[in-house]
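Source file: final28.pdb. Holds: PDB, C-alpha atoms and all ligand atoms.
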```
ATOM      1  CA  MET A   1     145.471  99.053 188.862  1.00  0.00           C
ATOM      2  CA  ALA A   2     148.996  98.155 189.890  1.00  0.00           C
ATOM      3  CA  LEU A   3     148.296  94.464 189.360  1.00  0.00           C
ATOM      4  CA  SER A   4     146.809  94.849 185.910  1.00  0.00           C
ATOM      5  CA  HIS A   5     149.646  97.141 184.907  1.00  0.00           C
ATOM      6  CA  SER A   6     152.290  94.589 185.832  1.00  0.00           C
ATOM      7  CA  LEU A   7     150.324  91.866 184.077  1.00  0.00           C
ATOM      8  CA  SER A   8     150.124  93.861 180.882  1.00  0.00           C
ATOM      9  CA  LEU A   9     153.898  94.112 180.498  1.00  0.00           C
ATOM     10  CA  PRO A  10     154.582  90.618 179.081  1.00  0.00           C
ATOM     11  CA  THR A  11     151.602  91.041 176.745  1.00  0.00           C
ATOM     12  CA  ARG A  12     153.095  94.188 175.319  1.00  0.00           C
ATOM     13  CA  THR A  13     156.346  92.376 174.658  1.00  0.00           C
ATOM     14  CA  THR A  14     154.551  89.766 172.582  1.00  0.00           C
ATOM     15  CA  THR A  15     152.597  92.326 170.546  1.00  0.00           C
ATOM     16  CA  THR A  16     155.836  93.639 169.071  1.00  0.00           C
ATOM     17  CA  TYR A  17     155.773  90.576 166.826  1.00  0.00           C
ATOM     18  CA  ILE A  18     152.644  91.883 165.091  1.00  0.00           C
ATOM     19  CA  THR A  19     153.996  93.829 162.175  1.00  0.00           C
ATOM     20  CA  PRO A  20     152.061  96.614 160.416  1.00  0.00           C
ATOM     21  CA  LYS A  21     151.758  94.222 157.488  1.00  0.00           C
ATOM     22  CA  THR A  22     149.998  91.671 159.649  1.00  0.00           C
ATOM     23  CA  GLN A  23     147.640  94.333 160.947  1.00  0.00           C
ATOM     24  CA  PHE A  24     146.816  95.446 157.432  1.00  0.00           C
ATOM     25  CA  HIS A  25     146.210  91.870 156.473  1.00  0.00           C
ATOM     26  CA  PHE A  26     143.860  91.454 159.400  1.00  0.00           C
ATOM     27  CA  LEU A  27     141.985  94.644 158.553  1.00  0.00           C
ATOM     28  CA  PHE A  28     141.735  93.543 154.977  1.00  0.00           C
ATOM     29  CA  LYS A  29     140.331  90.166 155.890  1.00  0.00           C
ATOM     30  CA  SER A  30     137.922  91.372 158.551  1.00  0.00           C
ATOM     31  CA  LYS A  31     136.470  94.125 156.390  1.00  0.00           C
ATOM     32  CA  PHE A  32     136.085  91.741 153.546  1.00  0.00           C
ATOM     33  CA  LEU A  33     134.273  89.044 155.404  1.00  0.00           C
ATOM     34  CA  VAL A  34     131.473  91.358 156.535  1.00  0.00           C
ATOM     35  CA  PRO A  35     129.882  92.421 153.230  1.00  0.00           C
ATOM     36  CA  LYS A  36     129.848  88.925 151.777  1.00  0.00           C
ATOM     37  CA  LYS A  37     126.912  87.802 153.918  1.00  0.00           C
ATOM     38  CA  PRO A  38     124.309  90.307 152.668  1.00  0.00           C
ATOM     39  CA  ARG A  39     125.523  89.695 149.129  1.00  0.00           C
ATOM     40  CA  THR A  40     124.742  85.989 149.410  1.00  0.00           C
ATOM     41  CA  LEU A  41     121.399  86.828 150.964  1.00  0.00           C
ATOM     42  CA  SER A  42     120.439  89.229 148.210  1.00  0.00           C
ATOM     43  CA  PHE A  43     121.437  86.636 145.641  1.00  0.00           C
ATOM     44  CA  SER A  44     119.126  84.002 147.108  1.00  0.00           C
ATOM     45  CA  LEU A  45     116.294  86.548 147.323  1.00  0.00           C
ATOM     46  CA  HIS A  46     116.886  87.443 143.714  1.00  0.00           C
ATOM     47  CA  ALA A  47     116.847  83.782 142.706  1.00  0.00           C
ATOM     48  CA  MET A  48     113.609  83.241 144.585  1.00  0.00           C
ATOM     49  CA  GLY A  49     112.030  86.204 142.858  1.00  0.00           C
ATOM     50  CA  ALA A  50     113.141  84.952 139.477  1.00  0.00           C
ATOM     51  CA  SER A  51     111.721  81.465 139.969  1.00  0.00           C
ATOM     52  CA  SER A  52     108.182  82.791 140.555  1.00  0.00           C
ATOM     53  CA  SER A  53     107.953  84.036 136.990  1.00  0.00           C
ATOM     54  CA  SER A  54     104.142  83.883 136.780  1.00  0.00           C
ATOM     55  CA  SER A  55     103.834  87.265 138.543  1.00  0.00           C
ATOM     56  CA  SER A  56     102.481  89.794 136.080  1.00  0.00           C
ATOM     57  CA  GLN A  57     103.052  92.729 138.408  1.00  0.00           C
ATOM     58  CA  LYS A  58     105.996  94.850 137.312  1.00  0.00           C
ATOM     59  CA  PRO A  59     108.003  96.152 140.244  1.00  0.00           C
ATOM     60  CA  ASP A  60     108.431  99.890 140.405  1.00  0.00           C
ATOM     61  CA  ASN A  61     111.888 101.402 140.400  1.00  0.00           C
ATOM     62  CA  LEU A  62     112.257 101.359 144.159  1.00  0.00           C
ATOM     63  CA  GLN A  63     111.358  97.684 144.465  1.00  0.00           C
ATOM     64  CA  GLU A  64     113.606  96.808 141.577  1.00  0.00           C
ATOM     65  CA  ALA A  65     116.510  98.711 143.139  1.00  0.00           C
ATOM     66  CA  GLY A  66     116.065  96.704 146.340  1.00  0.00           C
ATOM     67  CA  ARG A  67     116.190  93.417 144.453  1.00  0.00           C
ATOM     68  CA  VAL A  68     119.108  94.009 142.108  1.00  0.00           C
ATOM     69  CA  ASP A  69     121.986  91.750 142.997  1.00  0.00           C
ATOM     70  CA  TYR A  70     124.765  94.160 142.109  1.00  0.00           C
ATOM     71  CA  ALA A  71     127.505  91.641 142.853  1.00  0.00           C
ATOM     72  CA  SER A  72     126.279  89.379 140.058  1.00  0.00           C
ATOM     73  CA  LEU A  73     125.951  92.059 137.354  1.00  0.00           C
ATOM     74  CA  SER A  74     128.297  91.351 134.465  1.00  0.00           C
ATOM     75  CA  ASP A  75     130.552  93.967 132.884  1.00  0.00           C
ATOM     76  CA  GLY A  76     128.156  93.965 129.918  1.00  0.00           C
ATOM     77  CA  GLU A  77     125.227  94.828 132.163  1.00  0.00           C
ATOM     78  CA  TRP A  78     127.184  97.571 133.888  1.00  0.00           C
ATOM     79  CA  LYS A  79     128.159  99.005 130.498  1.00  0.00           C
ATOM     80  CA  LYS A  80     124.484  99.334 129.624  1.00  0.00           C
ATOM     81  CA  ARG A  81     123.815 101.233 132.844  1.00  0.00           C
ATOM     82  CA  LEU A  82     126.851 103.551 132.825  1.00  0.00           C
ATOM     83  CA  THR A  83     128.697 105.897 130.513  1.00  0.00           C
ATOM     84  CA  GLU A  84     132.129 104.810 129.313  1.00  0.00           C
ATOM     85  CA  GLU A  85     133.856 107.029 131.865  1.00  0.00           C
ATOM     86  CA  GLN A  86     131.600 105.928 134.733  1.00  0.00           C
ATOM     87  CA  PHE A  87     132.272 102.293 133.858  1.00  0.00           C
ATOM     88  CA  TYR A  88     136.026 102.857 133.680  1.00  0.00           C
ATOM     89  CA  ILE A  89     136.128 104.598 137.072  1.00  0.00           C
ATOM     90  CA  THR A  90     133.692 102.488 139.082  1.00  0.00           C
ATOM     91  CA  ARG A  91     134.064  99.007 137.627  1.00  0.00           C
ATOM     92  CA  GLN A  92     137.686  99.104 136.444  1.00  0.00           C
ATOM     93  CA  LYS A  93     139.111 101.165 139.318  1.00  0.00           C
ATOM     94  CA  GLY A  94     140.058 104.080 137.114  1.00  0.00           C
ATOM     95  CA  THR A  95     140.972 107.588 138.232  1.00  0.00           C
ATOM     96  CA  GLU A  96     139.793 110.754 136.531  1.00  0.00           C
ATOM     97  CA  ARG A  97     142.271 113.553 135.945  1.00  0.00           C
ATOM     98  CA  ALA A  98     142.442 116.150 138.716  1.00  0.00           C
ATOM     99  CA  PHE A  99     140.444 119.371 138.201  1.00  0.00           C
ATOM    100  CA  THR A 100     138.407 117.770 135.392  1.00  0.00           C
ATOM    101  CA  GLY A 101     135.556 116.030 137.224  1.00  0.00           C
ATOM    102  CA  GLU A 102     132.069 117.464 137.564  1.00  0.00           C
ATOM    103  CA  TYR A 103     132.186 117.961 141.333  1.00  0.00           C
ATOM    104  CA  TRP A 104     135.754 118.818 142.346  1.00  0.00           C
ATOM    105  CA  ASN A 105     134.796 122.441 143.020  1.00  0.00           C
ATOM    106  CA  THR A 106     131.034 122.118 143.612  1.00  0.00           C
ATOM    107  CA  LYS A 107     129.600 123.789 146.700  1.00  0.00           C
ATOM    108  CA  THR A 108     125.911 123.046 146.036  1.00  0.00           C
ATOM    109  CA  PRO A 109     124.157 121.710 149.166  1.00  0.00           C
ATOM    110  CA  GLY A 110     122.899 118.176 148.699  1.00  0.00           C
ATOM    111  CA  THR A 111     123.733 114.505 148.897  1.00  0.00           C
ATOM    112  CA  TYR A 112     126.193 112.650 146.666  1.00  0.00           C
ATOM    113  CA  HIS A 113     124.853 109.241 145.638  1.00  0.00           C
ATOM    114  CA  CYS A 114     126.565 106.227 144.077  1.00  0.00           C
ATOM    115  CA  ILE A 115     126.309 106.495 140.291  1.00  0.00           C
ATOM    116  CA  CYS A 116     125.893 102.709 140.056  1.00  0.00           C
ATOM    117  CA  CYS A 117     123.263 101.900 142.710  1.00  0.00           C
ATOM    118  CA  ASP A 118     122.011 105.294 143.985  1.00  0.00           C
ATOM    119  CA  THR A 119     123.099 104.684 147.601  1.00  0.00           C
ATOM    120  CA  PRO A 120     123.706 108.009 149.423  1.00  0.00           C
ATOM    121  CA  LEU A 121     127.458 108.168 150.059  1.00  0.00           C
ATOM    122  CA  PHE A 122     128.486 111.678 151.101  1.00  0.00           C
ATOM    123  CA  GLU A 123     126.733 114.820 152.367  1.00  0.00           C
ATOM    124  CA  SER A 124     127.816 118.182 150.961  1.00  0.00           C
ATOM    125  CA  SER A 125     128.217 119.375 154.573  1.00  0.00           C
ATOM    126  CA  THR A 126     131.254 117.063 154.904  1.00  0.00           C
ATOM    127  CA  LYS A 127     132.850 118.219 151.632  1.00  0.00           C
ATOM    128  CA  PHE A 128     135.943 120.407 151.876  1.00  0.00           C
ATOM    129  CA  ASP A 129     138.425 122.036 149.558  1.00  0.00           C
ATOM    130  CA  SER A 130     141.444 119.734 149.633  1.00  0.00           C
ATOM    131  CA  GLY A 131     143.262 121.509 146.810  1.00  0.00           C
ATOM    132  CA  THR A 132     143.723 118.149 145.058  1.00  0.00           C
ATOM    133  CA  GLY A 133     141.250 118.694 142.219  1.00  0.00           C
ATOM    134  CA  TRP A 134     139.033 115.811 143.341  1.00  0.00           C
ATOM    135  CA  PRO A 135     135.873 116.095 145.429  1.00  0.00           C
ATOM    136  CA  SER A 136     136.960 115.450 149.021  1.00  0.00           C
ATOM    137  CA  TYR A 137     134.941 114.612 152.110  1.00  0.00           C
ATOM    138  CA  TYR A 138     135.912 113.995 155.720  1.00  0.00           C
ATOM    139  CA  GLN A 139     133.099 111.534 156.422  1.00  0.00           C
ATOM    140  CA  PRO A 140     130.796 109.169 154.503  1.00  0.00           C
ATOM    141  CA  VAL A 141     127.080 108.619 155.083  1.00  0.00           C
ATOM    142  CA  GLY A 142     126.729 105.901 157.750  1.00  0.00           C
ATOM    143  CA  ASN A 143     128.364 102.629 156.751  1.00  0.00           C
ATOM    144  CA  ASN A 144     127.559 103.120 153.084  1.00  0.00           C
ATOM    145  CA  VAL A 145     131.196 102.988 152.020  1.00  0.00           C
ATOM    146  CA  LYS A 146     133.827 100.397 152.846  1.00  0.00           C
ATOM    147  CA  SER A 147     137.584 100.323 152.449  1.00  0.00           C
ATOM    148  CA  LYS A 148     140.091  97.793 151.248  1.00  0.00           C
ATOM    149  CA  LEU A 149     143.866  97.718 151.047  1.00  0.00           C
ATOM    150  CA  ASP A 150     145.042  98.712 147.567  1.00  0.00           C
ATOM    151  CA  LEU A 151     148.566  97.587 146.632  1.00  0.00           C
ATOM    152  CA  SER A 152     148.302  98.462 142.940  1.00  0.00           C
ATOM    153  CA  ILE A 153     151.115 100.999 143.282  1.00  0.00           C
ATOM    154  CA  ILE A 154     154.251  99.331 144.625  1.00  0.00           C
ATOM    155  CA  PHE A 155     155.685 101.028 147.763  1.00  0.00           C
ATOM    156  CA  MET A 156     152.496 103.074 148.137  1.00  0.00           C
ATOM    157  CA  PRO A 157     149.853 101.061 149.963  1.00  0.00           C
ATOM    158  CA  ARG A 158     146.558 102.931 149.936  1.00  0.00           C
ATOM    159  CA  GLN A 159     143.079 102.350 151.285  1.00  0.00           C
ATOM    160  CA  GLU A 160     140.614 102.054 148.436  1.00  0.00           C
ATOM    161  CA  VAL A 161     137.047 103.335 149.050  1.00  0.00           C
ATOM    162  CA  LEU A 162     134.174 101.327 147.625  1.00  0.00           C
ATOM    163  CA  CYS A 163     130.402 101.566 147.707  1.00  0.00           C
ATOM    164  CA  ALA A 164     129.315  99.095 150.391  1.00  0.00           C
ATOM    165  CA  VAL A 165     126.240  98.097 148.373  1.00  0.00           C
ATOM    166  CA  CYS A 166     127.532  97.551 144.826  1.00  0.00           C
ATOM    167  CA  ASP A 167     131.352  97.480 145.231  1.00  0.00           C
ATOM    168  CA  ALA A 168     131.803 100.468 142.917  1.00  0.00           C
ATOM    169  CA  HIS A 169     135.327 101.860 143.129  1.00  0.00           C
ATOM    170  CA  LEU A 170     134.970 105.434 144.428  1.00  0.00           C
ATOM    171  CA  GLY A 171     138.502 106.599 145.249  1.00  0.00           C
ATOM    172  CA  HIS A 172     140.900 106.397 148.216  1.00  0.00           C
ATOM    173  CA  ILE A 173     141.042 107.431 151.893  1.00  0.00           C
ATOM    174  CA  PHE A 174     143.969 109.325 153.342  1.00  0.00           C
ATOM    175  CA  ASP A 175     144.783 110.377 156.898  1.00  0.00           C
ATOM    176  CA  ASP A 176     145.425 114.051 156.159  1.00  0.00           C
ATOM    177  CA  GLY A 177     141.844 115.311 156.317  1.00  0.00           C
ATOM    178  CA  PRO A 178     140.400 118.020 158.557  1.00  0.00           C
ATOM    179  CA  PRO A 179     138.680 117.568 161.938  1.00  0.00           C
ATOM    180  CA  PRO A 180     136.603 115.959 163.269  1.00  0.00           C
ATOM    181  CA  THR A 181     137.697 112.729 161.549  1.00  0.00           C
ATOM    182  CA  GLY A 182     141.120 113.638 160.153  1.00  0.00           C
ATOM    183  CA  LYS A 183     140.196 111.550 157.101  1.00  0.00           C
ATOM    184  CA  ARG A 184     140.216 112.642 153.470  1.00  0.00           C
ATOM    185  CA  TYR A 185     137.930 110.667 151.198  1.00  0.00           C
ATOM    186  CA  CYS A 186     139.338 111.481 147.775  1.00  0.00           C
ATOM    187  CA  ILE A 187     136.566 110.545 145.351  1.00  0.00           C
ATOM    188  CA  ASN A 188     136.132 110.512 141.575  1.00  0.00           C
ATOM    189  CA  SER A 189     133.285 112.765 140.395  1.00  0.00           C
ATOM    190  CA  ALA A 190     132.311 110.124 137.828  1.00  0.00           C
ATOM    191  CA  ALA A 191     131.411 107.735 140.657  1.00  0.00           C
ATOM    192  CA  LEU A 192     128.948 110.231 142.130  1.00  0.00           C
ATOM    193  CA  LYS A 193     125.628 111.845 141.357  1.00  0.00           C
ATOM    194  CA  LEU A 194     124.750 114.973 143.319  1.00  0.00           C
ATOM    195  CA  LYS A 195     121.123 115.350 144.337  1.00  0.00           C
ATOM    196  CA  PRO A 196     120.737 119.007 145.384  1.00  0.00           C
ATOM    197  CA  LYS A 197     118.645 119.766 148.478  1.00  0.00           C
TER     198      LYS A 197
HETATM  199 ZN    ZN B 201     126.873 101.645 144.742  1.00  0.00          ZN
END
```

As structure tokens, what does this structure read like?
Amino acid sequence: MALSHSLSLPTRTTTTYITPKTQFHFLFKSKFLVPKKPRTLSFSLHAMGASSSSSSQKPDNLQEAGRVDYASLSDGEWKKRLTEEQFYITRQKGTERAFTGEYWNTKTPGTYHCICCDTPLFESSTKFDSGTGWPSYYQPVGNNVKSKLDLSIIFMPRQEVLCAVCDAHLGHIFDDGPPPTGKRYCINSAALKLKPK
């Protein structure tokens, strides 16, 4: 113990050169490299499926959902799938006005899914009243959301929350949430669809 402690001292001195900015940059890069792999994979699968056009069997909704390459959908295709408000929030990183969304005050038990790709994102059991006027959760479902540094407001770096499957903009994460995570996922209602239990 004593040996390792003395060895760790010079290391600590060098780590002071890592600025918070560098750490953010690292987080940003590492979180961004991960989801690119499955996206490429789903694209090649999609291309393979498209080339075998002789198949007369129409896939049902579930199969189709598994094959959609959300990363390659154009704005025009998203506009066909979404309302104007849903498109503005999820694909153009918009923010709905506080206390106006469908779910800011909802207490119905159920699961909140992504409005774009139907991935389950938040359970009602993790929803809490944040007083902000936006639906707020302290924890997402599994790894179904991802985060990314958002510098769109100067002097106010924030962590953007996105759907891990289709990259829909959902909202932002803050560190002032309740236990057990201490996180507050501040989400736009328009990005969600509640499926009651
Ligand atoms: Zn999605």

For ligand ZN 201 (chain B), list the contacting residues at 10 Å or closer, counting only C-alpha atoms and all ligand atoms, as a list in words.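 Using only C-alpha atoms and all ligand atoms, everything at most 10 Å from ligand ZN 201 (chain B) comes to Tyr70, Thr90, His113, Cys114, Ile115, Cys116, Cys117, Asp118, Thr119, Pro120, Leu121, Asn144, Val145, Leu162, Cys163, Ala164, Val165, Cys166, Asp167, Ala168, His169, Leu170, Ala191 and Leu192 of chain A.
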
Excluding region 182-186 of chain A and residues on its chain fewer than 6 positions from it, collect all residues at most 7 Å away from it, counting only C-alpha atoms, and give them as a list in words.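 Skipping anything fewer than 6 positions along the chain leaves Trp134, Pro135, Ser136, Tyr137, Tyr138, Gly171, His172, Ile173, Phe174, Asp175 and Asp176 of chain A.
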
Give me the result of the PyMOL selection byres (((chain A and resi 122) around 6) and not hetatm) on this file, residue by residue, as a count of residues only. 6

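Going from CA of Thr108 (chain A) over to CA of Lys197 (chain A), you cover 8.3 Å.
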
CA of Asn188 (chain A) and CA of Ser74 (chain A), how far apart in Å?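 So the answer is 21.9 Å.
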
Do you have the CA of Lys79 (chain A)-CA of Leu149 (chain A) distance handy?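 About the pair CA of Lys79 (chain A) and CA of Leu149 (chain A): they are 25.9 Å apart.
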
Residues selected by the PyMOL selection byres (((chain A and resi 91) around 8) and not hetatm), written as a list of chain:residue names: A:Asp75, A:Trp78, A:Gln86, A:Phe87, A:Tyr88, A:Ile89, A:Thr90, A:Gln92, A:Lys93, A:Gly94, A:Ala168, A:His169

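Nearest to Glu160 (chain A) of all the residues A:Asn143, A:Ser124, A:Thr106, A:Thr95 is A:Thr95, counting all atoms listed in the file.
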
Tell me, as a list of chain:residue names, which residues lie within 8 Å of Thr132 (chain A), counting all atoms listed in the file; anything in the same chain fewer than 3 positions away does not count.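 Skipping anything fewer than 3 positions along the chain leaves A:Ala98, A:Phe99, A:Asp129.
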
Edge lengths and centre, in Å to one decimal, as AutoDock Vina command-line options: that's what I need for the box along x, y and z that holds all listed atoms of region 159-167 of chain A plus 5 Å on each side.
```
--center_x 134.7 --center_y 100.4 --center_z 148.1 --size_x 26.8 --size_y 15.9 --size_z 16.5
```

Just so the selection is clear, what residues does the PyMOL selection byres (((chain A and resi 196) around 6) and not hetatm) cover here, as a list of chain:residue names?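 Applying the expression gives A:Pro109, A:Gly110, A:Lys195, A:Lys197.
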
My structure is short of atoms at region 89-100 of chain A; please model N, CA, C and O atoms there, returning them as a PDB file, keeping the file's coordinate frame.
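Result went into rebuild_3.pdb, see below:
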```pdb
ATOM      1  N   ILE A  89     135.793 104.207 135.694  1.00  0.00           N
ATOM      2  CA  ILE A  89     136.128 104.598 137.072  1.00  0.00           C
ATOM      3  C   ILE A  89     135.605 103.574 138.079  1.00  0.00           C
ATOM      4  O   ILE A  89     136.362 103.075 138.915  1.00  0.00           O
ATOM      5  N   THR A  90     134.312 103.254 137.998  1.00  0.00           N
ATOM      6  CA  THR A  90     133.692 102.488 139.082  1.00  0.00           C
ATOM      7  C   THR A  90     133.911 100.988 138.979  1.00  0.00           C
ATOM      8  O   THR A  90     134.017 100.303 139.989  1.00  0.00           O
ATOM      9  N   ARG A  91     133.976 100.466 137.761  1.00  0.00           N
ATOM     10  CA  ARG A  91     134.064  99.007 137.627  1.00  0.00           C
ATOM     11  C   ARG A  91     135.476  98.553 137.277  1.00  0.00           C
ATOM     12  O   ARG A  91     135.798  97.378 137.400  1.00  0.00           O
ATOM     13  N   GLN A  92     136.317  99.474 136.793  1.00  0.00           N
ATOM     14  CA  GLN A  92     137.686  99.104 136.444  1.00  0.00           C
ATOM     15  C   GLN A  92     138.718  99.860 137.277  1.00  0.00           C
ATOM     16  O   GLN A  92     139.876  99.927 136.929  1.00  0.00           O
ATOM     17  N   LYS A  93     138.248 100.470 138.356  1.00  0.00           N
ATOM     18  CA  LYS A  93     139.111 101.165 139.318  1.00  0.00           C
ATOM     19  C   LYS A  93     139.951 102.258 138.673  1.00  0.00           C
ATOM     20  O   LYS A  93     141.139 102.415 138.973  1.00  0.00           O
ATOM     21  N   GLY A  94     139.354 102.988 137.764  1.00  0.00           N
ATOM     22  CA  GLY A  94     140.058 104.080 137.114  1.00  0.00           C
ATOM     23  C   GLY A  94     140.104 105.325 137.983  1.00  0.00           C
ATOM     24  O   GLY A  94     139.462 105.402 139.030  1.00  0.00           O
ATOM     25  N   THR A  95     140.881 106.301 137.537  1.00  0.00           N
ATOM     26  CA  THR A  95     140.972 107.588 138.232  1.00  0.00           C
ATOM     27  C   THR A  95     140.849 108.706 137.210  1.00  0.00           C
ATOM     28  O   THR A  95     141.562 108.701 136.201  1.00  0.00           O
ATOM     29  N   GLU A  96     139.932 109.632 137.456  1.00  0.00           N
ATOM     30  CA  GLU A  96     139.793 110.754 136.531  1.00  0.00           C
ATOM     31  C   GLU A  96     140.913 111.764 136.790  1.00  0.00           C
ATOM     32  O   GLU A  96     141.489 111.799 137.874  1.00  0.00           O
ATOM     33  N   ARG A  97     141.220 112.560 135.777  1.00  0.00           N
ATOM     34  CA  ARG A  97     142.271 113.553 135.945  1.00  0.00           C
ATOM     35  C   ARG A  97     141.822 114.638 136.920  1.00  0.00           C
ATOM     36  O   ARG A  97     140.659 115.038 136.927  1.00  0.00           O
ATOM     37  N   ALA A  98     142.753 115.104 137.738  1.00  0.00           N
ATOM     38  CA  ALA A  98     142.442 116.150 138.716  1.00  0.00           C
ATOM     39  C   ALA A  98     141.915 117.400 138.013  1.00  0.00           C
ATOM     40  O   ALA A  98     142.309 117.692 136.879  1.00  0.00           O
ATOM     41  N   PHE A  99     141.028 118.103 138.677  1.00  0.00           N
ATOM     42  CA  PHE A  99     140.444 119.371 138.201  1.00  0.00           C
ATOM     43  C   PHE A  99     139.614 119.204 136.922  1.00  0.00           C
ATOM     44  O   PHE A  99     139.364 120.181 136.229  1.00  0.00           O
ATOM     45  N   THR A 100     139.229 117.969 136.589  1.00  0.00           N
ATOM     46  CA  THR A 100     138.407 117.770 135.392  1.00  0.00           C
ATOM     47  C   THR A 100     137.016 117.237 135.707  1.00  0.00           C
ATOM     48  O   THR A 100     136.126 117.341 134.885  1.00  0.00           O
TER      49      THR A 100
END
```
